[in-house]
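Enquirer: Provided herewith: structure-v6.pdb, PDB, C-alpha atoms.
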ATOM      1  CA  ALA A   1      11.289  11.023 -18.941
ATOM      2  CA  GLN A   2       7.772  10.427 -17.724
ATOM      3  CA  LYS A   3       4.941  10.005 -20.192
ATOM      4  CA  ILE A   4       1.174  10.001 -19.726
ATOM      5  CA  THR A   5      -1.147   8.395 -22.249
ATOM      6  CA  GLN A   6      -4.877   9.012 -22.451
ATOM      7  CA  THR A   7      -6.245   6.954 -25.334
ATOM      8  CA  GLN A   8      -9.851   8.178 -25.205
ATOM      9  CA  PRO A   9     -10.256  11.538 -26.942
ATOM     10  CA  GLY A  10     -13.967  11.530 -26.067
ATOM     11  CA  MET A  11     -16.351   9.620 -23.860
ATOM     12  CA  PHE A  12     -20.116   9.668 -23.535
ATOM     13  CA  VAL A  13     -22.103   8.646 -20.494
ATOM     14  CA  GLN A  14     -25.674   8.960 -19.399
ATOM     15  CA  GLU A  15     -26.555  10.856 -16.305
ATOM     16  CA  LYS A  16     -26.380   8.775 -13.097
ATOM     17  CA  GLU A  17     -24.194   6.122 -14.662
ATOM     18  CA  ALA A  18     -20.554   5.481 -13.834
ATOM     19  CA  VAL A  19     -17.743   6.151 -16.287
ATOM     20  CA  THR A  20     -14.069   5.229 -16.362
ATOM     21  CA  LEU A  21     -11.481   7.472 -17.972
ATOM     22  CA  ASP A  22      -8.274   5.680 -18.865
ATOM     23  CA  CYS A  23      -4.749   6.791 -18.042
ATOM     24  CA  THR A  24      -1.512   4.875 -18.411
ATOM     25  CA  TYR A  25       1.887   6.170 -17.470
ATOM     26  CA  ASP A  26       5.514   5.416 -18.035
ATOM     27  CA  THR A  27       8.213   6.136 -15.503
ATOM     28  CA  SER A  28      11.383   4.603 -14.172
ATOM     29  CA  ASP A  29      11.003   6.336 -10.817
ATOM     30  CA  GLN A  30      10.055   4.299  -7.761
ATOM     31  CA  SER A  31       8.344   7.233  -6.107
ATOM     32  CA  TYR A  32       5.834   9.225  -8.108
ATOM     33  CA  GLY A  33       2.455  10.875  -7.881
ATOM     34  CA  LEU A  34      -0.520  10.842 -10.193
ATOM     35  CA  PHE A  35      -3.166  13.533 -10.505
ATOM     36  CA  TRP A  36      -6.445  14.072 -12.252
ATOM     37  CA  TYR A  37      -7.656  17.537 -13.218
ATOM     38  CA  LYS A  38     -10.989  18.653 -14.620
ATOM     39  CA  GLN A  39     -11.250  21.518 -17.081
ATOM     40  CA  PRO A  40     -14.828  22.738 -17.613
ATOM     41  CA  SER A  41     -15.755  25.031 -20.475
ATOM     42  CA  SER A  42     -14.938  28.034 -18.313
ATOM     43  CA  GLY A  43     -11.265  27.083 -18.657
ATOM     44  CA  GLU A  44      -9.948  26.697 -15.138
ATOM     45  CA  MET A  45      -8.119  23.530 -14.145
ATOM     46  CA  ILE A  46      -9.692  21.953 -11.102
ATOM     47  CA  PHE A  47      -7.738  19.435  -9.049
ATOM     48  CA  LEU A  48      -9.788  16.285  -8.481
ATOM     49  CA  ILE A  49      -7.724  13.526  -6.946
ATOM     50  CA  TYR A  50      -4.172  12.418  -6.155
ATOM     51  CA  GLN A  51      -2.557   8.986  -5.853
ATOM     52  CA  GLY A  52       0.926   8.407  -4.509
ATOM     53  CA  SER A  53       2.893   5.456  -5.788
ATOM     54  CA  TYR A  54       3.301   4.056  -2.290
ATOM     55  CA  ASP A  55      -0.318   4.521  -1.284
ATOM     56  CA  GLU A  56      -1.709   1.104  -0.562
ATOM     57  CA  GLN A  57      -5.312   2.046  -1.087
ATOM     58  CA  ASN A  58      -6.922   3.617  -4.116
ATOM     59  CA  ALA A  59      -7.620   7.300  -3.635
ATOM     60  CA  THR A  60     -11.230   8.429  -3.358
ATOM     61  CA  GLU A  61     -12.761  11.906  -3.231
ATOM     62  CA  GLY A  62     -16.534  11.908  -3.159
ATOM     63  CA  ARG A  63     -17.789  10.576  -6.487
ATOM     64  CA  TYR A  64     -14.244  10.326  -7.834
ATOM     65  CA  SER A  65     -12.045   7.316  -7.311
ATOM     66  CA  LEU A  66      -8.757   6.352  -8.822
ATOM     67  CA  ASN A  67      -8.308   2.747  -9.948
ATOM     68  CA  PHE A  68      -4.564   2.433  -9.426
ATOM     69  CA  GLN A  69      -2.931  -0.658 -10.890
ATOM     70  CA  LYS A  70       0.780  -0.261 -10.350
ATOM     71  CA  ALA A  71       1.894  -3.366 -12.224
ATOM     72  CA  ARG A  72      -0.063  -2.254 -15.279
ATOM     73  CA  LYS A  73       1.029   1.368 -14.820
ATOM     74  CA  SER A  74      -2.520   2.561 -15.035
ATOM     75  CA  ALA A  75      -4.373   5.167 -13.012
ATOM     76  CA  ASN A  76      -7.907   5.285 -14.316
ATOM     77  CA  LEU A  77     -10.414   7.807 -13.001
ATOM     78  CA  VAL A  78     -13.829   6.471 -12.102
ATOM     79  CA  ILE A  79     -16.704   8.917 -11.796
ATOM     80  CA  SER A  80     -19.757   7.401 -10.169
ATOM     81  CA  ALA A  81     -23.301   8.659 -10.587
ATOM     82  CA  SER A  82     -22.419  11.076 -13.389
ATOM     83  CA  GLN A  83     -23.979  14.511 -13.372
ATOM     84  CA  LEU A  84     -24.509  16.974 -16.201
ATOM     85  CA  GLY A  85     -21.924  19.231 -14.581
ATOM     86  CA  ASP A  86     -19.293  16.550 -15.048
ATOM     87  CA  SER A  87     -19.142  17.360 -18.764
ATOM     88  CA  ALA A  88     -15.609  18.687 -19.218
ATOM     89  CA  MET A  89     -12.076  17.839 -20.309
ATOM     90  CA  TYR A  90     -10.231  15.557 -17.927
ATOM     91  CA  PHE A  91      -6.457  15.461 -17.728
ATOM     92  CA  CYS A  92      -4.275  12.841 -16.122
ATOM     93  CA  ALA A  93      -0.893  14.076 -14.921
ATOM     94  CA  MET A  94       2.233  12.791 -13.236
ATOM     95  CA  ARG A  95       4.641  14.555 -10.972
ATOM     96  CA  GLU A  96       8.141  14.630 -12.415
ATOM     97  CA  ILE A  97      10.987  15.652 -10.163
ATOM     98  CA  SER A  98      13.940  17.447 -11.707
ATOM     99  CA  MET A  99      17.246  15.679 -11.225
ATOM    100  CA  ASN A 100      18.969  19.062 -11.144
ATOM    101  CA  THR A 101      16.820  21.102  -8.826
ATOM    102  CA  GLY A 102      14.700  18.574  -6.959
ATOM    103  CA  PHE A 103      11.648  20.632  -7.798
ATOM    104  CA  GLN A 104       8.641  19.066  -9.380
ATOM    105  CA  LYS A 105       6.639  19.792 -12.479
ATOM    106  CA  LEU A 106       3.601  18.075 -13.937
ATOM    107  CA  VAL A 107       3.561  15.989 -17.093
ATOM    108  CA  PHE A 108       0.105  15.791 -18.653
ATOM    109  CA  GLY A 109      -1.749  13.557 -21.046
ATOM    110  CA  THR A 110      -3.730  14.854 -24.008
ATOM    111  CA  GLY A 111      -7.006  14.747 -22.120
ATOM    112  CA  THR A 112     -10.405  13.087 -22.514
ATOM    113  CA  ARG A 113     -13.536  15.070 -23.257
ATOM    114  CA  LEU A 114     -16.457  13.694 -21.263
ATOM    115  CA  LEU A 115     -20.007  14.435 -22.271
ATOM    116  CA  VAL A 116     -22.800  13.560 -19.876
ATOM    117  CA  SER A 117     -26.231  13.304 -21.446
ATOM    118  CA  PRO A 118     -29.600  13.556 -19.666
TER
ATOM    119  CA  GLU B   1      -8.373  33.293  -0.408
ATOM    120  CA  ALA B   2      -8.236  34.456  -4.015
ATOM    121  CA  GLY B   3      -7.169  31.884  -6.577
ATOM    122  CA  VAL B   4      -4.613  32.172  -9.340
ATOM    123  CA  THR B   5      -5.628  34.861 -11.798
ATOM    124  CA  GLN B   6      -4.499  35.371 -15.356
ATOM    125  CA  PHE B   7      -4.848  38.290 -17.695
ATOM    126  CA  PRO B   8      -6.014  38.580 -20.381
ATOM    127  CA  SER B   9      -8.434  35.696 -20.710
ATOM    128  CA  HIS B  10      -8.155  35.823 -24.478
ATOM    129  CA  SER B  11      -5.747  37.569 -26.836
ATOM    130  CA  VAL B  12      -5.827  37.695 -30.607
ATOM    131  CA  ILE B  13      -2.739  39.103 -32.296
ATOM    132  CA  GLU B  14      -1.150  39.030 -35.711
ATOM    133  CA  LYS B  15       1.968  37.114 -36.511
ATOM    134  CA  GLY B  16       5.018  39.194 -35.698
ATOM    135  CA  GLN B  17       3.363  41.164 -32.914
ATOM    136  CA  THR B  18       4.212  41.034 -29.236
ATOM    137  CA  VAL B  19       1.970  39.793 -26.463
ATOM    138  CA  THR B  20       2.465  39.804 -22.718
ATOM    139  CA  LEU B  21       0.531  37.437 -20.486
ATOM    140  CA  ARG B  22       0.239  38.033 -16.781
ATOM    141  CA  CYS B  23      -0.232  35.663 -13.878
ATOM    142  CA  ASP B  24      -0.995  36.551 -10.271
ATOM    143  CA  PRO B  25      -0.383  33.566  -8.009
ATOM    144  CA  ILE B  26      -2.108  32.829  -4.748
ATOM    145  CA  SER B  27      -0.704  35.080  -2.058
ATOM    146  CA  GLY B  28       2.166  33.414  -0.233
ATOM    147  CA  HIS B  29       2.896  30.883  -2.938
ATOM    148  CA  ASP B  30       6.578  31.047  -3.780
ATOM    149  CA  ASN B  31       6.338  28.503  -6.593
ATOM    150  CA  LEU B  32       4.930  29.673  -9.902
ATOM    151  CA  TYR B  33       4.672  27.583 -13.037
ATOM    152  CA  TRP B  34       3.785  28.272 -16.637
ATOM    153  CA  TYR B  35       2.279  25.578 -18.867
ATOM    154  CA  ARG B  36       0.927  25.638 -22.409
ATOM    155  CA  ARG B  37      -1.611  23.560 -24.292
ATOM    156  CA  VAL B  38      -1.474  23.673 -28.035
ATOM    157  CA  MET B  39      -4.764  22.628 -29.645
ATOM    158  CA  GLY B  40      -5.437  18.920 -29.282
ATOM    159  CA  LYS B  41      -2.160  18.164 -27.601
ATOM    160  CA  GLU B  42      -1.046  17.639 -24.041
ATOM    161  CA  ILE B  43      -0.425  20.428 -21.594
ATOM    162  CA  LYS B  44       3.307  21.034 -21.527
ATOM    163  CA  PHE B  45       5.488  22.550 -18.845
ATOM    164  CA  LEU B  46       7.259  25.764 -19.782
ATOM    165  CA  LEU B  47       9.042  26.969 -16.680
ATOM    166  CA  HIS B  48       9.102  27.187 -12.900
ATOM    167  CA  PHE B  49       9.916  30.111 -10.618
ATOM    168  CA  VAL B  50      10.721  29.967  -6.953
ATOM    169  CA  LYS B  51      10.164  33.522  -5.812
ATOM    170  CA  GLU B  52      11.926  35.588  -8.459
ATOM    171  CA  SER B  53      14.390  32.894  -9.524
ATOM    172  CA  LYS B  54      13.919  30.622 -12.511
ATOM    173  CA  GLN B  55      14.415  27.068 -11.254
ATOM    174  CA  ASP B  56      13.664  25.243 -14.445
ATOM    175  CA  GLU B  57      13.037  26.715 -17.874
ATOM    176  CA  SER B  58      13.642  23.537 -19.816
ATOM    177  CA  GLY B  59      10.218  23.706 -21.420
ATOM    178  CA  MET B  60      10.554  27.144 -22.986
ATOM    179  CA  PRO B  61      10.190  26.592 -26.752
ATOM    180  CA  ASN B  62      12.714  29.153 -27.950
ATOM    181  CA  ASN B  63      14.150  32.583 -27.268
ATOM    182  CA  ARG B  64      11.019  34.334 -28.476
ATOM    183  CA  PHE B  65       9.570  33.545 -25.053
ATOM    184  CA  LEU B  66      10.642  35.565 -22.021
ATOM    185  CA  ALA B  67       9.276  35.022 -18.535
ATOM    186  CA  GLU B  68       9.854  37.296 -15.588
ATOM    187  CA  ARG B  69       8.808  37.431 -11.980
ATOM    188  CA  THR B  70      10.189  40.621 -10.569
ATOM    189  CA  GLY B  71       9.829  40.877  -6.806
ATOM    190  CA  GLY B  72       8.618  37.324  -6.566
ATOM    191  CA  THR B  73       4.961  38.222  -6.902
ATOM    192  CA  TYR B  74       3.208  38.256 -10.247
ATOM    193  CA  SER B  75       4.800  36.870 -13.388
ATOM    194  CA  THR B  76       4.700  37.867 -17.024
ATOM    195  CA  LEU B  77       5.284  35.774 -20.098
ATOM    196  CA  LYS B  78       6.170  37.736 -23.209
ATOM    197  CA  VAL B  79       6.104  36.314 -26.710
ATOM    198  CA  GLN B  80       8.048  38.419 -29.207
ATOM    199  CA  PRO B  81       7.582  38.101 -32.134
ATOM    200  CA  ALA B  82       4.580  35.794 -32.060
ATOM    201  CA  GLU B  83       4.312  32.979 -34.596
ATOM    202  CA  LEU B  84       1.272  30.974 -35.673
ATOM    203  CA  GLU B  85       2.435  27.904 -33.734
ATOM    204  CA  ASP B  86       2.364  29.892 -30.497
ATOM    205  CA  SER B  87      -1.434  29.739 -30.489
ATOM    206  CA  GLY B  88      -2.815  27.812 -27.565
ATOM    207  CA  VAL B  89      -3.895  28.139 -23.969
ATOM    208  CA  TYR B  90      -1.288  29.324 -21.494
ATOM    209  CA  PHE B  91      -1.832  28.207 -17.927
ATOM    210  CA  CYS B  92      -0.222  29.509 -14.808
ATOM    211  CA  ALA B  93      -0.137  27.520 -11.569
ATOM    212  CA  SER B  94       1.146  28.310  -8.117
ATOM    213  CA  SER B  95       2.130  26.214  -5.146
ATOM    214  CA  ARG B  96       3.138  26.913  -1.593
ATOM    215  CA  ASP B  97       5.315  23.867  -1.116
ATOM    216  CA  GLY B  98       6.040  22.721  -4.640
ATOM    217  CA  TYR B  99       3.616  19.820  -4.475
ATOM    218  CA  GLU B 100      -0.048  20.629  -4.971
ATOM    219  CA  GLN B 101      -0.399  23.102  -7.820
ATOM    220  CA  TYR B 102      -3.360  25.423  -8.170
ATOM    221  CA  PHE B 103      -4.104  26.467 -11.703
ATOM    222  CA  GLY B 104      -5.454  29.680 -13.117
ATOM    223  CA  PRO B 105      -8.142  29.846 -15.805
ATOM    224  CA  GLY B 106      -5.624  30.200 -18.604
ATOM    225  CA  THR B 107      -5.076  32.729 -21.358
ATOM    226  CA  ARG B 108      -6.198  31.680 -24.813
ATOM    227  CA  LEU B 109      -3.721  33.100 -27.345
ATOM    228  CA  THR B 110      -4.643  33.175 -30.999
ATOM    229  CA  VAL B 111      -2.002  34.237 -33.498
ATOM    230  CA  THR B 112      -3.365  34.980 -36.978
TER
END
Is it possible to express this structure as structure tokens?
Expert:
Amino acid sequence: AQKITQTQPGMFVQEKEAVTLDCTYDTSDQSYGLFWYKQPSSGEMIFLIYQGSYDEQNATEGRYSLNFQKARKSANLVISASQLGDSAMYFCAMREISMNTGFQKLVFGTGTRLLVSP
Amino acid sequence: EAGVTQFPSHSVIEKGQTVTLRCDPISGHDNLYWYRRVMGKEIKFLLHFVKESKQDESGMPNNRFLAERTGGTYSTLKVQPAELEDSGVYFCASSRDGYEQYFGPGTRLTVT
């Protein structure tokens, strides 16, 4: 079964600086997908970025980029030019496909709480 | 387009009581998922509906949990009787094609 590990329970960064949130994964599948979600204090889970295992380039979405190192099984999220509104929980997740049904579900890590200071 | 909605946002009940959580997916999304996050731990998959059919309920903790999706629209998740370890945040997500999942704001359940 897939496993996601986020080793940083909390991270601090100053406004306008870049920060990297770590995520490592474990899977025996050749084809897989990796996601990052943001959960602000309001509670909703906001999709940020997706990386497919066969994507040759690292995914980018605005200030978010995913540093995908397949050999190391890592998919770190890089947030550039941090803003106060980036303070939130961040979850790394992997798509797991059921052998029985072919449908997918997400396997999550424990999350990293990011605090951006002025 | 309205997002995934969940009701209530917060529920506090005593051990042994019953609670029913509701999820309204995005209109047209046949796939509906329930997840749960117990304090400090990872978000864990509970089950997956396609329309009204349960495709995968491998994550349901035990038979105190019952999920339904009558008519293939909204879904309910009932916990009966609730135990202290059921406390956590229950998320619902929906998907049109089974790939990108859109999450609701969650229901925070506190069992005392």
Enquirer: For chain A, which residue among B:Gly71, B:Gly16, B:Gly104, B:Gly59 is the nearest when counting all atoms listed in the file?
Expert: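 Looking at the shortest contact to chain A, the residue is B:Gly104.
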Enquirer: If I take CA of Thr27 in chain A and CA of Gln6 in chain A, how far is one from the other in Å, to one decimal?
Expert: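 A separation of 15.1 Å between them.
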Enquirer: Find the residues of chain B in contact range of chain A, meaning any atom within 9 Å when counting all atoms listed in the file, and list them as a ChimeraX atom specification.
Expert: /B:33,37,40-45,47-48,55-56,91,98-107
Enquirer: Name all residues at most 8 Å from Leu21 in chain A (count only C-alpha atoms; drop same-chain ones fewer than 3 positions away) and give them as a ChimeraX atom specification.
Expert: /A:8,11,76-78,112
Enquirer: If we count all atoms listed in the file, what is near Val19 in chain A at a cut-off of 12 Å, once residues fewer than 3 positions away on the same chain are taken out, given as a PDB file with C-alpha atoms, in the frame of the given file?
Expert:
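Contents of part05.pdb, as written:
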ATOM      1  CA  GLY A  10     -13.967  11.530 -26.067  1.00  0.00           C
ATOM      2  CA  MET A  11     -16.351   9.620 -23.860  1.00  0.00           C
ATOM      3  CA  PHE A  12     -20.116   9.668 -23.535  1.00  0.00           C
ATOM      4  CA  VAL A  13     -22.103   8.646 -20.494  1.00  0.00           C
ATOM      5  CA  GLN A  14     -25.674   8.960 -19.399  1.00  0.00           C
ATOM      6  CA  GLU A  15     -26.555  10.856 -16.305  1.00  0.00           C
ATOM      7  CA  LYS A  16     -26.380   8.775 -13.097  1.00  0.00           C
ATOM      8  CA  ASP A  22      -8.274   5.680 -18.865  1.00  0.00           C
ATOM      9  CA  ARG A  63     -17.789  10.576  -6.487  1.00  0.00           C
ATOM     10  CA  TYR A  64     -14.244  10.326  -7.834  1.00  0.00           C
ATOM     11  CA  SER A  65     -12.045   7.316  -7.311  1.00  0.00           C
ATOM     12  CA  LEU A  66      -8.757   6.352  -8.822  1.00  0.00           C
ATOM     13  CA  ASN A  67      -8.308   2.747  -9.948  1.00  0.00           C
ATOM     14  CA  ASN A  76      -7.907   5.285 -14.316  1.00  0.00           C
ATOM     15  CA  LEU A  77     -10.414   7.807 -13.001  1.00  0.00           C
ATOM     16  CA  VAL A  78     -13.829   6.471 -12.102  1.00  0.00           C
ATOM     17  CA  ILE A  79     -16.704   8.917 -11.796  1.00  0.00           C
ATOM     18  CA  SER A  80     -19.757   7.401 -10.169  1.00  0.00           C
ATOM     19  CA  ALA A  81     -23.301   8.659 -10.587  1.00  0.00           C
ATOM     20  CA  SER A  82     -22.419  11.076 -13.389  1.00  0.00           C
ATOM     21  CA  GLN A  83     -23.979  14.511 -13.372  1.00  0.00           C
ATOM     22  CA  ASP A  86     -19.293  16.550 -15.048  1.00  0.00           C
ATOM     23  CA  SER A  87     -19.142  17.360 -18.764  1.00  0.00           C
ATOM     24  CA  THR A 112     -10.405  13.087 -22.514  1.00  0.00           C
ATOM     25  CA  LEU A 114     -16.457  13.694 -21.263  1.00  0.00           C
ATOM     26  CA  LEU A 115     -20.007  14.435 -22.271  1.00  0.00           C
ATOM     27  CA  VAL A 116     -22.800  13.560 -19.876  1.00  0.00           C
TER      28      VAL A 116
END
Enquirer: Taking into account all atoms listed in the file, which residue in the set A:Met99, A:Leu34, A:Ala18, A:Leu84 is nearest to Asp55 in chain A?
Expert: A:Leu34
Enquirer: CA of Ser31 in chain A and CA of Thr7 in chain A are how many Å apart?
Expert: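 Those two atoms sit 24.1 Å apart.
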Enquirer: Would you translate the PyMOL selection byres ((chain A and resi 53) around 12) into the concrete set of residues it matches in this file, as a PDB file with C-alpha atoms, in the frame of the given file?
Expert:
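Okay, this is what ended up in selection17.pdb:
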ATOM      1  CA  TYR A  25       1.887   6.170 -17.470  1.00  0.00           C
ATOM      2  CA  THR A  27       8.213   6.136 -15.503  1.00  0.00           C
ATOM      3  CA  SER A  28      11.383   4.603 -14.172  1.00  0.00           C
ATOM      4  CA  ASP A  29      11.003   6.336 -10.817  1.00  0.00           C
ATOM      5  CA  GLN A  30      10.055   4.299  -7.761  1.00  0.00           C
ATOM      6  CA  SER A  31       8.344   7.233  -6.107  1.00  0.00           C
ATOM      7  CA  TYR A  32       5.834   9.225  -8.108  1.00  0.00           C
ATOM      8  CA  GLY A  33       2.455  10.875  -7.881  1.00  0.00           C
ATOM      9  CA  LEU A  34      -0.520  10.842 -10.193  1.00  0.00           C
ATOM     10  CA  PHE A  35      -3.166  13.533 -10.505  1.00  0.00           C
ATOM     11  CA  TYR A  50      -4.172  12.418  -6.155  1.00  0.00           C
ATOM     12  CA  GLN A  51      -2.557   8.986  -5.853  1.00  0.00           C
ATOM     13  CA  GLY A  52       0.926   8.407  -4.509  1.00  0.00           C
ATOM     14  CA  TYR A  54       3.301   4.056  -2.290  1.00  0.00           C
ATOM     15  CA  ASP A  55      -0.318   4.521  -1.284  1.00  0.00           C
ATOM     16  CA  GLU A  56      -1.709   1.104  -0.562  1.00  0.00           C
ATOM     17  CA  GLN A  57      -5.312   2.046  -1.087  1.00  0.00           C
ATOM     18  CA  ASN A  58      -6.922   3.617  -4.116  1.00  0.00           C
ATOM     19  CA  ALA A  59      -7.620   7.300  -3.635  1.00  0.00           C
ATOM     20  CA  PHE A  68      -4.564   2.433  -9.426  1.00  0.00           C
ATOM     21  CA  GLN A  69      -2.931  -0.658 -10.890  1.00  0.00           C
ATOM     22  CA  LYS A  70       0.780  -0.261 -10.350  1.00  0.00           C
ATOM     23  CA  ALA A  71       1.894  -3.366 -12.224  1.00  0.00           C
ATOM     24  CA  LYS A  73       1.029   1.368 -14.820  1.00  0.00           C
ATOM     25  CA  SER A  74      -2.520   2.561 -15.035  1.00  0.00           C
ATOM     26  CA  ALA A  75      -4.373   5.167 -13.012  1.00  0.00           C
ATOM     27  CA  MET A  94       2.233  12.791 -13.236  1.00  0.00           C
ATOM     28  CA  ARG A  95       4.641  14.555 -10.972  1.00  0.00           C
TER      29      ARG A  95
END
Enquirer: Using all atoms listed in the file, which of B:Leu66, B:Leu32, B:Ile26, B:Met39 sits nearest Glu52 in chain B?
Expert: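 The closest residue to Glu52 in chain B is B:Leu32.
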Enquirer: Once you add 5 Å to each side, what are the centre and edge lengths of the axis-aligned box holding all listed atoms of range 56-70 of chain B? One decimal in Å, as AutoDock Vina command-line options, if you can.
Expert:
--center_x 11.5 --center_y 32.1 --center_z -19.5 --size_x 15.3 --size_y 27.1 --size_z 27.9
Enquirer: Would you mind reading off the distance between CA of Phe7 in chain B and CA of Asn63 in chain B, one decimal, in Å?
Expert: 22.0 Å
Enquirer: Just the residues within 12 Å of Asn62 in chain B, please, counting only C-alpha atoms, with nothing from its chain fewer than 6 positions along; format it as a PyMOL selection string.
Expert: chain B and resi 46+78-83+85-86
Enquirer: Kindly indicate which residue among A:Met89, A:Glu96, A:Thr24, A:Leu48 lies nearest to Arg113 in chain A, using only C-alpha atoms for the distances.
Expert: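 When distances to Arg113 in chain A are compared using only C-alpha atoms, the smallest one comes from A:Met89.
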